[in-house]
Structures are given as structure tokens and as C-alpha cells.
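The structure under discussion appears below in the form of C-alpha cells.
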Amino acid sequence: LNITSGSIISRTKKELKINGYIKTHKLQIGKTHSSVWEPTEKAYKLVSLTKPKWESKGGYLHQFIAHHLKTIGIKDGYHVEVEYLLDNGKAVDLLLNNDNKIIFIEIATSYPLEKEISNVIKDFSSSLIANQLIIAVQDGKMKTKLEKLILSDKRIDSNQDKIRVILAGNLINQKKINL
């Protein structure tokens, strides 16, 4: 909205939520959180716009993250595919590739996190082998828990050095995939 005053942003957000125009989601960036505003159907009707179709599956925050990471990946010189279907039938949230690197990105915005371990195992059991698997998480609590789950699972020991769990907000904020 191009509002720079913190108090005006806070009041605006509160009014929009009360009147049913937005839902808000928290996305951690460093030690702080950013508020991601999800327009409701009522908001789209108010401004006479059609709700956009997203390329990725999942809820709004998952789609928001996927959209921004795709844009950043393209700016970083990667060819990016959303919901790329591996030969084992598993879809990767984002596939980034260039002449010398293949990166899988999984986006974790909901629990249980054990499903992410299943995703990691499936991601590394296809014929397309990633040089790096990034799991972009919503917040620090998820990051810590997922890192512990990854370290404790013997099924992924051989790929530990390829896996990075990163705050999605940090990736979006830094505008770089390769950190």
C-alpha cells in the first residue's frame, strides 16, 4: 500500500481484518516477523478484480513463497519450474536449474513436519539428482524442529550435506537463492 508509517499500517491492517478484507500470515525474517496479507473474496469483489491463479499447490502462504522464490530464481539466472513432477511421481515445489546446478526447493508452512522428511526421501530417490535441496520454512520454530528431524533420520544420512533449512522470509528478503 506504500504506507511508511507503522501506526497507519497497524490501523489499516486492523480495519481490513475486522471488515473481512484480509487474512494475515506471519513470515519470519531474521529475528522479526513480516505480516503477509491475503486478500479475501470480499476484497477482490470490492476492487472488481478476479482472484489470481497460483502455479503452486498449498495454502496462500505456500503459494506466496513459491511465487517470490520463482521470481528470485529467474533473476538469479535459473530456469524455474513450479510443482515439477519427478519420475517417481513426487512433485517438487520448485525446481531451479542452470548449466551446472540443480536445486530443489520444498516449502514448509504447516505441521506435521515429518511429512517433510518423507518429501526429502522421495526427492533424493528419483533419477534427477539435486545438487542442493533447500527447505524454506515459515519460522524459526519450524527450522529448529526440522533440522533435528533431518539430523536424526538415518535414511537421509548420505544426502545431509546437500540439505539446507532456511527461513523463507530470509530468502525472499535477501533476493538470492544461493546464499
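Ligands are numbered from 1 in the order shown, residues from 1 within each chain, and chains are lettered A, B, ... in the order they appear in the C-alpha cells.
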Write out as a short mmCIF file (atom, residue, chain, number, x, y, z; two decimals) with C-alpha atoms, in the first residue's frame each polymer residue whose atoms come within 12 Å of region 14-28 of chain A, counting only C-alpha atoms; drop sequence neighbours fewer than 5 positions from it.
```cif
data_model
loop_
_atom_site.label_atom_id
_atom_site.label_comp_id
_atom_site.auth_asym_id
_atom_site.auth_seq_id
_atom_site.Cartn_x
_atom_site.Cartn_y
_atom_site.Cartn_z
CA SER A 7 0.90 3.18 13.19
CA ILE A 8 -1.04 3.73 9.95
CA ILE A 9 -0.07 0.25 8.73
CA HIS A 33 8.22 -11.25 11.56
CA SER A 34 6.62 -9.78 8.49
CA SER A 35 2.88 -9.77 8.01
CA VAL A 36 1.70 -11.25 4.70
CA TRP A 37 -1.77 -10.00 3.79
CA GLU A 38 -4.08 -12.41 1.98
CA PRO A 39 -6.93 -10.62 0.21
CA THR A 40 -10.31 -12.31 0.71
CA GLU A 41 -13.02 -12.80 -1.93
CA LYS A 42 -14.70 -9.73 -0.45
CA ALA A 43 -11.58 -7.65 -1.19
CA TYR A 44 -11.37 -8.85 -4.79
CA LYS A 45 -15.06 -8.02 -5.31
CA LEU A 46 -14.57 -4.56 -3.79
CA VAL A 47 -11.87 -3.66 -6.32
CA GLY A 59 -2.40 -22.53 1.02
CA TYR A 60 -1.90 -18.84 0.43
CA LEU A 61 1.39 -18.50 2.33
CA HIS A 62 2.86 -21.52 0.50
CA PHE A 64 3.13 -16.59 -1.86
CA ILE A 65 6.54 -18.06 -1.00
CA ALA A 108 7.18 -25.95 4.69
CA THR A 109 4.39 -23.83 6.14
CA SER A 110 2.40 -26.38 8.13
CA ALA A 136 12.14 -22.95 3.02
CA VAL A 137 10.30 -22.75 6.35
CA GLN A 138 7.86 -20.25 7.81
CA ASP A 139 9.56 -19.61 11.15
CA GLY A 140 12.45 -20.43 13.48
CA LYS A 141 10.48 -22.98 15.46
CA MET A 142 9.88 -24.99 12.29
CA LYS A 143 13.51 -24.57 11.26
CA ILE A 166 16.34 -21.74 5.62
CA LEU A 167 13.74 -19.21 6.70
CA ALA A 168 11.63 -18.49 3.61
CA GLY A 169 11.42 -14.85 4.68
CA ASN A 170 15.22 -14.58 4.63
CA LEU A 171 15.38 -15.95 1.08
CA ILE A 172 12.70 -13.54 -0.09
CA ASN A 173 14.21 -10.59 1.78
#
```
So which bits of chain A end up helix (DSSP H, G or I) when you DSSP the backbone, as a ChimeraX atom specification?
/A:6-18,41-46,60-75,114-123,140-152,154-162,168-174
Skipping near chain neighbours, those fewer than 4 positions away, what residues fall within 12 Å of Ser125 (chain A) using only C-alpha atoms, listed as a PyMOL selection string?
chain A and resi 86-90+118-121+129-130+155-156+158-159
Tell me, in Å to one decimal, how far CA of Ile72 (chain A) is from CA of Asn98 (chain A).
13.7 Å
Rounded to one decimal, what separation in Å do you get between CA of Gly73 (chain A) and CA of Thr50 (chain A)?
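A separation of 26.6 Å between them.
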Applying 6 Å and only C-alpha atoms, which residues near region 102-106 of chain A remain after dropping the ones on its own chain fewer than 3 positions away? List them as a PyMOL selection string.
chain A and resi 93-97+130-135
In region 10-174 of chain A, DSSP strand (DSSP E) residues written as an MDAnalysis selection string:
chainID A and resid 22:29 32:39 79:85 91:97 102:108 132:137 163:167
